[in-house]
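Chemist: This one is query06.cif, mmCIF, C-alpha atoms and all ligand atoms.
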```cif
data_upload
loop_
_atom_site.label_atom_id
_atom_site.label_comp_id
_atom_site.auth_asym_id
_atom_site.auth_seq_id
_atom_site.Cartn_x
_atom_site.Cartn_y
_atom_site.Cartn_z
CA MET W 424 30.29 2.73 -28.59
CA SER W 425 30.61 6.33 -27.49
CA ASP W 426 33.58 8.25 -26.16
CA HIS W 427 31.48 10.83 -24.35
CA THR W 428 28.96 10.93 -21.55
CA GLU W 429 25.68 11.42 -23.40
CA ALA W 430 23.79 13.15 -20.61
CA LEU W 431 26.09 16.18 -20.26
CA ASP W 432 26.50 19.37 -22.25
CA GLU W 433 29.85 19.89 -23.95
CA ALA W 434 31.48 22.07 -21.28
CA LEU W 435 30.64 19.66 -18.45
CA ALA W 436 31.64 16.65 -20.54
CA THR W 437 35.05 18.24 -21.20
CA TYR W 438 35.40 19.09 -17.51
CA LEU W 439 34.58 15.50 -16.51
CA LYS W 440 36.92 14.03 -19.11
CA THR W 441 39.85 16.31 -18.25
CA LEU W 442 39.51 15.66 -14.55
CA SER W 443 39.18 11.91 -15.05
CA ALA W 444 42.17 11.77 -17.41
CA ALA W 445 44.37 13.05 -14.58
CA GLY W 446 43.58 9.80 -12.75
CA GLU W 447 44.69 7.58 -15.63
CA SER W 448 47.98 5.74 -15.76
CA ASP W 449 50.45 6.74 -18.46
CA VAL W 450 49.87 3.46 -20.34
CA LEU W 451 46.09 3.96 -20.35
CA ARG W 452 46.55 7.45 -21.80
CA ARG W 453 48.87 6.14 -24.51
CA LEU W 454 46.45 3.33 -25.34
CA ARG W 455 43.67 5.90 -25.83
CA GLU W 456 45.96 7.90 -28.09
CA ARG W 457 46.92 4.74 -30.04
CA THR W 458 43.23 3.82 -30.55
CA ALA W 459 41.93 7.34 -31.33
CA PRO W 460 42.89 7.40 -35.07
CA MET W 461 41.22 4.02 -35.71
CA ALA W 462 37.89 3.99 -37.55
CA GLU W 463 36.41 1.94 -34.68
CA ALA W 464 37.75 4.20 -31.88
CA GLU W 465 34.21 5.02 -30.73
CA MET W 466 33.93 1.47 -29.41
CA GLN W 467 36.39 2.26 -26.61
CA ILE W 468 34.84 3.16 -23.25
CA SER W 469 35.26 6.74 -22.08
CA VAL W 470 37.99 7.81 -19.68
CA GLU W 471 35.39 8.66 -16.99
CA GLN W 472 33.75 5.25 -17.32
CA GLY W 473 37.16 3.60 -17.00
CA ARG W 474 37.79 5.45 -13.74
CA LEU W 475 34.38 4.40 -12.37
CA MET W 476 34.88 0.76 -13.34
CA ALA W 477 38.32 0.65 -11.72
CA LEU W 478 36.89 2.19 -8.56
CA LEU W 479 34.01 -0.30 -8.45
CA ALA W 480 36.43 -3.21 -8.91
CA ARG W 481 38.53 -1.90 -6.02
CA LEU W 482 35.44 -1.24 -3.85
CA ILE W 483 34.31 -4.84 -4.03
CA GLY W 484 37.87 -6.14 -3.59
CA ALA W 485 37.79 -7.85 -6.98
CA ARG W 486 40.38 -10.58 -7.60
CA ARG W 487 38.74 -12.44 -10.48
CA ALA W 488 37.18 -10.60 -13.40
CA LEU W 489 35.49 -11.35 -16.72
CA GLU W 490 35.22 -9.20 -19.81
CA VAL W 491 33.13 -9.78 -22.93
CA GLY W 492 34.35 -7.46 -25.71
CA THR W 493 37.94 -6.30 -25.37
CA PHE W 494 38.83 -4.45 -28.62
CA THR W 495 42.23 -2.72 -28.06
CA GLY W 496 42.19 -3.48 -24.36
CA TYR W 497 41.35 -0.18 -22.62
CA SER W 498 38.52 -1.37 -20.35
CA ALA W 499 40.43 -4.56 -19.54
CA LEU W 500 43.47 -2.52 -18.56
CA CYS W 501 41.36 -0.25 -16.31
CA VAL W 502 40.07 -3.30 -14.43
CA ALA W 503 43.38 -5.24 -14.47
CA GLU W 504 45.16 -2.29 -12.85
CA ALA W 505 42.58 -2.44 -10.05
CA LEU W 506 43.19 -6.15 -9.36
CA PRO W 507 45.81 -7.43 -6.91
CA VAL W 508 49.05 -8.79 -8.44
CA ASP W 509 47.72 -12.34 -8.28
CA GLY W 510 44.35 -11.28 -9.73
CA LYS W 511 42.94 -12.72 -12.97
CA LEU W 512 40.88 -11.23 -15.79
CA ILE W 513 39.50 -13.43 -18.53
CA ALA W 514 39.06 -11.25 -21.62
CA CYS W 515 36.85 -12.54 -24.45
CA ASP W 516 37.04 -11.28 -28.02
CA VAL W 517 36.95 -12.62 -31.57
CA SER W 518 39.47 -10.22 -33.12
CA GLU W 519 43.17 -11.17 -33.21
CA GLU W 520 43.92 -7.88 -34.93
CA TRP W 521 42.45 -5.52 -32.33
CA THR W 522 43.57 -7.56 -29.33
CA ALA W 523 47.16 -7.61 -30.63
CA ILE W 524 47.20 -3.91 -29.70
CA ALA W 525 45.70 -4.80 -26.31
CA ARG W 526 48.43 -7.38 -25.63
CA GLU W 527 51.14 -4.84 -26.44
CA PHE W 528 49.81 -2.27 -23.94
CA TRP W 529 48.99 -4.83 -21.22
CA ALA W 530 52.63 -5.93 -21.40
CA GLU W 531 53.83 -2.33 -21.17
CA ALA W 532 51.64 -1.84 -18.09
CA GLY W 533 53.09 -5.01 -16.54
CA VAL W 534 49.67 -6.64 -16.10
CA ASP W 535 49.80 -9.13 -19.00
CA ASP W 536 50.24 -12.01 -16.53
CA ARG W 537 46.87 -11.03 -14.97
CA ILE W 538 44.97 -11.14 -18.27
CA ASP W 539 43.98 -14.37 -19.99
CA LEU W 540 42.75 -13.44 -23.49
CA ARG W 541 40.43 -15.98 -25.10
CA ILE W 542 39.92 -15.54 -28.85
CA ALA W 543 36.57 -17.25 -29.50
CA PRO W 544 32.89 -16.32 -29.47
CA ALA W 545 32.28 -15.22 -25.89
CA ASP W 546 29.28 -17.51 -25.40
CA GLU W 547 31.61 -20.48 -25.98
CA THR W 548 34.26 -19.16 -23.59
CA LEU W 549 31.69 -18.50 -20.86
CA ALA W 550 30.11 -21.93 -21.37
CA GLY W 551 33.60 -23.46 -21.04
CA LEU W 552 34.18 -21.67 -17.73
CA ARG W 553 30.83 -22.90 -16.45
CA ALA W 554 31.56 -26.45 -17.60
CA ALA W 555 34.90 -26.25 -15.75
CA GLY W 556 32.98 -25.67 -12.50
CA GLU W 557 33.74 -21.94 -12.15
CA ASP W 558 30.23 -20.81 -11.21
CA ASP W 559 30.14 -18.43 -8.21
CA THR W 560 33.87 -17.67 -8.43
CA TYR W 561 34.14 -14.29 -10.22
CA ASP W 562 33.86 -10.88 -8.57
CA VAL W 563 33.13 -8.61 -11.51
CA ALA W 564 32.11 -8.96 -15.16
CA PHE W 565 31.95 -6.29 -17.88
CA VAL W 566 29.97 -6.90 -21.08
CA ASP W 567 30.63 -4.67 -24.09
CA ALA W 568 30.04 -6.75 -27.24
CA ASP W 569 27.27 -7.85 -29.63
CA LYS W 570 23.93 -6.60 -28.30
CA GLU W 571 21.98 -9.66 -29.46
CA GLY W 572 24.11 -11.66 -27.04
CA TYR W 573 23.34 -9.48 -24.00
CA GLY W 574 20.56 -11.73 -22.65
CA ALA W 575 22.69 -14.88 -22.82
CA TYR W 576 25.77 -13.06 -21.44
CA TYR W 577 23.62 -11.90 -18.52
CA GLU W 578 22.65 -15.43 -17.54
CA ALA W 579 26.14 -16.89 -18.03
CA CYS W 580 27.94 -14.08 -16.17
CA LEU W 581 25.38 -14.07 -13.37
CA ALA W 582 26.03 -17.78 -12.82
CA LEU W 583 29.81 -17.22 -12.86
CA LEU W 584 29.66 -14.32 -10.35
CA ARG W 585 29.79 -14.91 -6.61
CA PRO W 586 27.00 -13.46 -4.44
CA GLY W 587 27.83 -9.76 -4.05
CA GLY W 588 29.61 -9.80 -7.42
CA LEU W 589 29.00 -7.03 -9.92
CA LEU W 590 27.87 -7.28 -13.54
CA LEU W 591 28.24 -4.24 -15.83
CA PHE W 592 26.81 -3.74 -19.32
CA ASP W 593 27.98 -1.00 -21.66
CA ASN W 594 25.82 0.93 -24.14
CA ALA W 595 22.65 0.81 -22.05
CA PHE W 596 21.60 4.09 -23.78
CA LEU W 597 22.62 3.15 -27.33
CA GLY W 598 23.13 6.82 -28.08
CA GLY W 599 19.61 7.56 -26.78
CA ARG W 600 17.84 5.05 -29.04
CA VAL W 601 16.53 2.97 -26.12
CA ALA W 602 14.38 5.89 -24.96
CA VAL W 603 12.59 6.34 -28.29
CA PRO W 604 9.75 3.80 -28.51
CA GLU W 605 9.51 4.07 -32.29
CA VAL W 606 13.14 2.98 -32.67
CA GLY W 607 12.60 -0.63 -33.55
CA ASP W 608 16.11 -1.84 -34.35
CA ALA W 609 17.26 -5.14 -32.93
CA ALA W 610 20.04 -3.71 -30.74
CA ALA W 611 17.65 -1.26 -29.06
CA HIS W 612 15.20 -4.09 -28.50
CA HIS W 613 17.82 -6.35 -26.87
CA VAL W 614 19.24 -3.61 -24.64
CA ARG W 615 15.81 -2.38 -23.53
CA GLU W 616 14.73 -5.93 -22.78
CA LEU W 617 17.83 -6.59 -20.67
CA SER W 618 17.49 -3.34 -18.69
CA GLU W 619 13.84 -4.06 -17.89
CA ARG W 620 14.73 -7.64 -16.96
CA ILE W 621 17.49 -6.55 -14.56
CA PHE W 622 15.24 -4.08 -12.72
CA ALA W 623 12.57 -6.78 -12.33
CA ASP W 624 14.95 -9.64 -11.44
CA ALA W 625 14.88 -10.66 -7.76
CA ARG W 626 18.34 -12.25 -8.15
CA VAL W 627 20.04 -8.85 -8.52
CA ASP W 628 20.10 -5.21 -7.43
CA GLY W 629 20.00 -3.07 -10.57
CA ALA W 630 21.08 0.48 -11.36
CA LEU W 631 21.48 2.49 -14.56
CA VAL W 632 24.24 5.10 -14.55
CA PRO W 633 24.30 7.94 -17.11
CA ILE W 634 28.02 7.74 -17.82
CA GLY W 635 29.50 7.16 -21.25
CA ASP W 636 26.78 5.56 -23.38
CA GLY W 637 24.93 4.35 -20.26
CA LEU W 638 26.28 1.77 -17.82
CA LEU W 639 23.85 -0.86 -16.56
CA LEU W 640 24.78 -2.45 -13.22
CA ALA W 641 23.50 -5.64 -11.62
CA ARG W 642 24.78 -6.81 -8.23
CA LYS W 643 24.21 -10.50 -7.62
CA ARG W 644 22.31 -11.02 -4.38
C1 LIG W 701 32.68 -2.14 -28.22
S1 LIG W 701 34.05 -3.17 -28.52
C2 LIG W 701 34.76 -3.37 -26.92
C3 LIG W 701 35.47 -2.13 -26.41
C4 LIG W 701 36.31 -2.35 -25.19
N1 LIG W 701 35.52 -2.78 -24.06
C5 LIG W 701 37.08 -1.10 -24.84
O1 LIG W 701 36.78 -0.41 -23.87
O2 LIG W 701 38.01 -0.77 -25.60
C6 LIG W 701 33.27 -4.71 -28.84
C7 LIG W 701 34.22 -5.89 -29.03
O3 LIG W 701 33.43 -7.07 -28.95
C8 LIG W 701 33.99 -8.02 -29.81
N2 LIG W 701 32.96 -9.02 -30.11
C9 LIG W 701 31.87 -8.88 -30.91
N3 LIG W 701 31.13 -10.00 -30.91
C10 LIG W 701 31.76 -10.87 -30.08
C11 LIG W 701 31.49 -12.21 -29.65
N4 LIG W 701 30.42 -12.89 -30.07
N5 LIG W 701 32.36 -12.79 -28.79
C12 LIG W 701 33.44 -12.11 -28.32
N6 LIG W 701 33.74 -10.86 -28.69
C13 LIG W 701 32.92 -10.25 -29.56
C14 LIG W 701 34.48 -7.22 -31.01
O4 LIG W 701 35.50 -7.91 -31.70
C15 LIG W 701 34.96 -5.92 -30.35
O5 LIG W 701 36.35 -5.95 -30.11
#
```
Starting from the file, lay out its structure as C-alpha cells.
Modeler:
Amino acid sequence: MSDHTEALDEALATYLKTLSAAGESDVLRRLRERTAPMAEAEMQISVEQGRLMALLARLIGARRALEVGTFTGYSALCVAEALPVDGKLIACDVSEEWTAIAREFWAEAGVDDRIDLRIAPADETLAGLRAAGEDDTYDVAFVDADKEGYGAYYEACLALLRPGGLLLFDNAFLGGRVAVPEVGDAAAHHVRELSERIFADARVDGALVPIGDGLLLARKR
C-alpha cells in the first residue's frame, strides 16, 4: 500500500531507501521503475521491505513459498531470488493484467520456472493446496491482498507452513489508521483484529516491524 517506511522522517527514509536499493538486482530495480508510473504503484512493497523479506527467506533456508497478492510481481521476485534453483513460489492473484507484467520480469530474472502463478481468488487456491495434502510443507508465506481476507489467509497459511515456517502480513499499520481507535473502517478492524490475534496465539511467535506500511510476522511453533 505504501512505498515508504511510515515511522521515519524524510531524510532517514531516503537514506534507508538509497542504501537498500544498492542491494537490489537490476531486474528488481527495473520492475520498480516499470511500476512507478502506474496509478496503483503504491501497492508495491518498498525496496527496504523487499530486502528484509529476501533476507528472512534466506535465513530460514526457504525452499517453498506462498504469496497472496502479487500485483506486478516485485515482492514475489524478491523472495524467488532468495530461493534455491529448485525452489517453488506459489503466487496468488486475480489480475491477469497486472501479473502479465510480473511474468515478463520474472522471465527476465530467470526465475519464472520457480514461480507458479495461480489466477483465482486466493482463498480457493489455498484451499486447493490444503485439499492436495500440502499442509506443513511451506517455509514462508507473504500476504498482501484484500484485508477482509486476512483472518482466513492466516488460518490457511498457518496450516500450510511447516513448524518454524514464517508468515508475513503487509499493511499492518494501514498508514497509521490501526492506531487511531476512532477509525472504524473495515480494513482497520480486520488488520487490528489479526495483529491482536497473532500476539495472543500460542501457535505462533509474533512480531510487528515498523518497515514499509508495517510488517506483521508470525513464526509457526
Ligand atoms: C497490494 S497488491 C500486492 C502488491 C505486491 N505484493 C507487490 O509487492 O508488488 C494486492 C494484490 O492483491 C490482489 N488481490 C486482491 N484480492 C485478491 C484475492 N481475493 N485473491 C487473490 N488476489 C487478490 C490484487 O489483484 C493485487 O494485485
Chemist: Give the residues close to ligand LIG 701 (chain W), within 10 Å, counting all atoms listed in the file; write them as number ranges by chain.
Modeler: W: 424-426, 454-455, 458, 463-470, 472-473, 490-501, 514-522, 525, 541-549, 565-573, 576, 592-594
Chemist: Using only C-alpha atoms, pick whichever of W:Glu616, W:Glu605, W:Asp449, W:Glu471 has the shortest atom-to-atom distance to W:Trp529.
Modeler: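 Selected residue with least distance to W:Trp529: W:Asp449.
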Chemist: Give me, as a CSV table (one decimal) with C-alpha atoms, in the frame of the given file, all polymer residues having an atom no more than 12 Å from W:Leu583, counting all atoms listed in the file and skipping those fewer than 2 positions away in the same chain.
Modeler:
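Generated output (part-v1.csv):
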```
chain,number,residue,atom,x,y,z
W,487,ARG,CA,38.7,-12.4,-10.5
W,488,ALA,CA,37.2,-10.6,-13.4
W,489,LEU,CA,35.5,-11.4,-16.7
W,490,GLU,CA,35.2,-9.2,-19.8
W,513,ILE,CA,39.5,-13.4,-18.5
W,548,THR,CA,34.3,-19.2,-23.6
W,549,LEU,CA,31.7,-18.5,-20.9
W,550,ALA,CA,30.1,-21.9,-21.4
W,551,GLY,CA,33.6,-23.5,-21.0
W,552,LEU,CA,34.2,-21.7,-17.7
W,553,ARG,CA,30.8,-22.9,-16.4
W,554,ALA,CA,31.6,-26.4,-17.6
W,555,ALA,CA,34.9,-26.2,-15.8
W,556,GLY,CA,33.0,-25.7,-12.5
W,557,GLU,CA,33.7,-21.9,-12.2
W,558,ASP,CA,30.2,-20.8,-11.2
W,559,ASP,CA,30.1,-18.4,-8.2
W,560,THR,CA,33.9,-17.7,-8.4
W,561,TYR,CA,34.1,-14.3,-10.2
W,562,ASP,CA,33.9,-10.9,-8.6
W,563,VAL,CA,33.1,-8.6,-11.5
W,564,ALA,CA,32.1,-9.0,-15.2
W,576,TYR,CA,25.8,-13.1,-21.4
W,577,TYR,CA,23.6,-11.9,-18.5
W,578,GLU,CA,22.6,-15.4,-17.5
W,579,ALA,CA,26.1,-16.9,-18.0
W,580,CYS,CA,27.9,-14.1,-16.2
W,581,LEU,CA,25.4,-14.1,-13.4
W,585,ARG,CA,29.8,-14.9,-6.6
W,586,PRO,CA,27.0,-13.5,-4.4
W,587,GLY,CA,27.8,-9.8,-4.0
W,588,GLY,CA,29.6,-9.8,-7.4
W,589,LEU,CA,29.0,-7.0,-9.9
W,590,LEU,CA,27.9,-7.3,-13.5
W,643,LYS,CA,24.2,-10.5,-7.6
```
Chemist: Near W:Ala630, counting all atoms listed in the file, which residues have an atom at most 7 Å away, once you skip same-chain residues fewer than 3 positions from it, shown as an MDAnalysis selection string?
Modeler: chainID W and resid 639:641
Chemist: Quick one: distance from atom CA of W:Pro507 to atom CA of W:Ala485 in Å, one decimal?
Modeler: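 Result for atom CA of W:Pro507 versus atom CA of W:Ala485: 8.0 Å, one decimal.
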Chemist: Atom CA of W:Leu475 and atom CA of W:Glu504, how far apart in Å?
Modeler: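 The value is 12.7 Å.
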Chemist: With distances taken over all atoms listed in the file, which of W:Arg457, W:Ala503, W:Arg474, W:Gly574 is nearest to W:Ile634?
Modeler: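 Comparing W:Arg457, W:Ala503, W:Arg474, W:Gly574 against W:Ile634, the winner is W:Arg474.
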Chemist: I need the residue nearest W:Pro633 from this list: W:Ala595, W:Ala610, W:Ala445, W:Ala530. Use only C-alpha atoms for the distance.
Modeler: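 Comparing W:Ala595, W:Ala610, W:Ala445, W:Ala530 against W:Pro633, the winner is W:Ala595.
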Chemist: Interatomic distance between atom CA of W:Asp536 and atom CA of W:Met461?
Modeler: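 Result for atom CA of W:Asp536 versus atom CA of W:Met461: 26.6 Å, one decimal.
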Chemist: As a count of residues only, please: the residues near W:Leu597 (cut-off 7 Å, only C-alpha atoms, same-chain neighbours under 4 positions excluded).
Modeler: 3
